[in-house]
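Colleague: After the structure tokens below, expect a handful of questions from me.
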Amino acid sequence: MAPTRAQWLAAGGEIEAHRHDDHQIIYAARGVLAVTTSEGSWVAPGTRAIWVPAGTAHAHRAYGDLELHLVGLPAGNNPLGLETPAVLSVGPLLRELIIEYTRTAGEQSPQRHRLCAVLLDQLRASPQQPQHVPAPTEPLLRAVCALLQADPGDNRTLADLGREVGASDRTLSRLFRRDLGMTFPQWRTQLRLHHALILLADKTPVTSVAHQCGWSSASVFIDVFRRTFGHTPGTHPTS
């Protein structure tokens with residue numbers, strides 16, 4: 001049974017790969033949470049939660065001190081109809097519902113059953129967010145992606161990277177679409193945004209984050225971040 005509980009995880013702390021027989025909603029009210037599976041990684045700040053379907057092997061990592069809230073749901077109750085992990089928007093009401101539901105874990109009362117019903121209603125209304133860095137399976141793509149994961153600020157073109165791994169940019173572009181379901185620029189932007197969230201959790205200044213993640217200027221980074229998360233990195237809720 002996937003646990004329903006609240007717990008703290010110190011900055012840099014990890015929970016090794018494991019799986020549950022039931023679905024799980026994972027929410028970080030403080031800090032930034034990274035969840036990794038064989039299919040890739042998802043990073044969620046305080047305005048997002050991560051849906052992990054039953055049977056999915058996944059690991060957690062904390063960036064910043066993490067106030068973690070875990071909600072387990074029976075495998076037969078899939079309010080989202082999703083069979084793969086996903087990032088969901090968490091508005092103020094859903095946030096408070098998750099926190100209260102995990103705070104009262106173990107209680108059995110009519111009030112708690114009603115709380116769960118409202119929480120599920122809010123989950124169904126929560127839009128999914130395209131904040132996934134998929135893991136490549138093609139050897140050539142693995143080589144290219146490893147270069148960028150080692151340095152998200154690497155601004156080399158796909159042709160430049162291709163020369164290093166022995167493939168044309170045309171071949172790599174085709175592989176990105178076929179293997180990962182997105183273009184090279186889309187994948188690199190997702191990687192950079194995930195890295196930016198991690199740096200912000202460590203209180204790195206916005207200008208430095210923009211530079212380390214490869215954006216041409218702080219203003220370009222702020223614009224991309226605002227369009228993705230709905231707020232500027234300077235007001236990002238990591239604590």
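Naming scheme: A, B, ... for chains in displayed order of the structure tokens; residues 1 onward per chain; ligands 1 onward as shown.
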What lies within 12 Å of Ala117 (chain A) using only C-alpha atoms, ignoring chain neighbours under 5 positions off, as JSON, numbers by chain?

Modeller: {"A": [73, 77, 79, 94, 97, 98, 101, 110, 111, 112, 122, 123, 124]}

Colleague: Residues at most 10 Å from region 150-160 of chain A, counting only C-alpha atoms, excluding those fewer than 4 positions away in the same chain, as an NGL selection string?

Modeller: :A and (144-146 or 164-173 or 184-185 or 188-189 or 191-196 or 209-216)

Colleague: So that I can check the secondary structure, give me every residue of region 62-183 of chain A assigned helix (DSSP H, G or I) by backbone DSSP, as a JSON list (two decimals) with C-alpha atoms, in the first residue's frame.

Modeller:
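Output saved as out-v4.json:
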[["chain", "number", "residue", "atom", "x", "y", "z"],
["A", 92, "PRO", "CA", -3.99, 27.02, -3.17],
["A", 93, "LEU", "CA", -7.03, 24.82, -2.44],
["A", 94, "LEU", "CA", -5.45, 21.57, -3.62],
["A", 95, "ARG", "CA", -2.29, 22.42, -1.67],
["A", 96, "GLU", "CA", -4.23, 22.79, 1.59],
["A", 97, "LEU", "CA", -6.25, 19.64, 0.91],
["A", 98, "ILE", "CA", -3.09, 17.57, 0.38],
["A", 99, "ILE", "CA", -1.45, 18.97, 3.52],
["A", 100, "GLU", "CA", -4.52, 18.39, 5.68],
["A", 101, "TYR", "CA", -5.14, 14.91, 4.28],
["A", 102, "THR", "CA", -1.58, 13.79, 5.04],
["A", 103, "ARG", "CA", -1.65, 15.49, 8.46],
["A", 110, "PRO", "CA", -16.77, 10.89, 7.89],
["A", 111, "GLN", "CA", -14.94, 14.22, 7.74],
["A", 112, "ARG", "CA", -11.82, 12.56, 6.35],
["A", 113, "HIS", "CA", -13.81, 10.68, 3.72],
["A", 114, "ARG", "CA", -15.36, 13.98, 2.61],
["A", 115, "LEU", "CA", -11.91, 15.58, 2.55],
["A", 116, "CYS", "CA", -10.68, 12.78, 0.27],
["A", 117, "ALA", "CA", -13.64, 13.24, -2.07],
["A", 118, "VAL", "CA", -12.93, 16.96, -2.46],
["A", 119, "LEU", "CA", -9.21, 16.25, -2.94],
["A", 120, "LEU", "CA", -10.01, 13.81, -5.76],
["A", 121, "ASP", "CA", -12.34, 16.35, -7.37],
["A", 122, "GLN", "CA", -9.54, 18.92, -7.32],
["A", 123, "LEU", "CA", -7.08, 16.43, -8.78],
["A", 124, "ARG", "CA", -9.40, 15.71, -11.68],
["A", 139, "PRO", "CA", 22.59, 4.93, -27.87],
["A", 140, "LEU", "CA", 23.37, 8.02, -29.96],
["A", 141, "LEU", "CA", 20.78, 10.07, -28.09],
["A", 142, "ARG", "CA", 22.03, 8.80, -24.75],
["A", 143, "ALA", "CA", 25.48, 10.10, -25.66],
["A", 144, "VAL", "CA", 24.18, 13.52, -26.71],
["A", 145, "CYS", "CA", 21.87, 13.87, -23.71],
["A", 146, "ALA", "CA", 24.65, 12.86, -21.31],
["A", 147, "LEU", "CA", 26.78, 15.74, -22.60],
["A", 148, "LEU", "CA", 24.01, 18.23, -21.89],
["A", 149, "GLN", "CA", 23.03, 16.72, -18.55],
["A", 150, "ALA", "CA", 26.63, 17.14, -17.45],
["A", 158, "LEU", "CA", 22.88, 19.77, -32.54],
["A", 159, "ALA", "CA", 25.34, 19.62, -35.44],
["A", 160, "ASP", "CA", 28.24, 20.37, -33.05],
["A", 161, "LEU", "CA", 27.08, 17.71, -30.60],
["A", 162, "GLY", "CA", 26.55, 15.29, -33.46],
["A", 163, "ARG", "CA", 30.15, 15.62, -34.57],
["A", 164, "GLU", "CA", 31.25, 14.63, -31.06],
["A", 165, "VAL", "CA", 29.13, 11.47, -31.01],
["A", 169, "ASP", "CA", 22.16, 16.65, -36.90],
["A", 170, "ARG", "CA", 19.51, 15.34, -39.30],
["A", 171, "THR", "CA", 19.81, 11.83, -37.84],
["A", 172, "LEU", "CA", 19.75, 13.12, -34.26],
["A", 173, "SER", "CA", 16.78, 15.37, -34.93],
["A", 174, "ARG", "CA", 14.83, 12.41, -36.28],
["A", 175, "LEU", "CA", 15.81, 10.31, -33.25],
["A", 176, "PHE", "CA", 14.68, 13.02, -30.81],
["A", 177, "ARG", "CA", 11.21, 13.01, -32.34],
["A", 178, "ARG", "CA", 10.95, 9.23, -32.63],
["A", 179, "ASP", "CA", 12.52, 8.22, -29.30],
["A", 180, "LEU", "CA", 11.56, 11.13, -27.03]]

Colleague: In terms of the shortest atom-to-atom distance over only C-alpha atoms, which of A:Gly40, A:Gln7, A:Gly234, A:Phe221 is closest to Thr204 (chain A)?

Modeller: A:Gly234

Colleague: In terms of the shortest atom-to-atom distance over only C-alpha atoms, which of A:Val90, A:Ala201, A:Ala10, A:Ala125 is closest to Phe229 (chain A)?

Modeller: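 Ranked by minimum distance to Phe229 (chain A), first place goes to A:Val90.
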
Colleague: Looking at only C-alpha atoms, which of A:His69, A:Arg226, A:Arg19, A:Arg61 is the one that sits closest to Val32 (chain A)?

Modeller: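 Of A:His69, A:Arg226, A:Arg19, A:Arg61, the one nearest Val32 (chain A) is A:Arg61, counting only C-alpha atoms.
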
Colleague: DSSP says strand (DSSP E or B) for which residues of region 8-39 of chain A? Put them as a PyMOL selection string?

Modeller: chain A and resi 8-9+14-18+23-37

Colleague: Work out how far apart CA of Val224 (chain A) and CA of Arg48 (chain A) are and give it in Å to one decimal.

Modeller: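 Separation of CA of Val224 (chain A) and CA of Arg48 (chain A): 17.1 Å.
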
Colleague: Which neighbours of Pro130 (chain A) fall inside 12 Å, counting only C-alpha atoms, when residues of the same chain fewer than 5 positions from it are skipped, and could you give them as a PyMOL selection string?

Modeller: chain A and resi 41-44+48+50+85-89+181-182+186-187+189-191+193-194+228-229

Colleague: Residues at most 7 Å from Ala62 (chain A), counting only C-alpha atoms, excluding those fewer than 6 positions away in the same chain, as a ChimeraX atom specification?

Modeller: /A:9-14,32-34
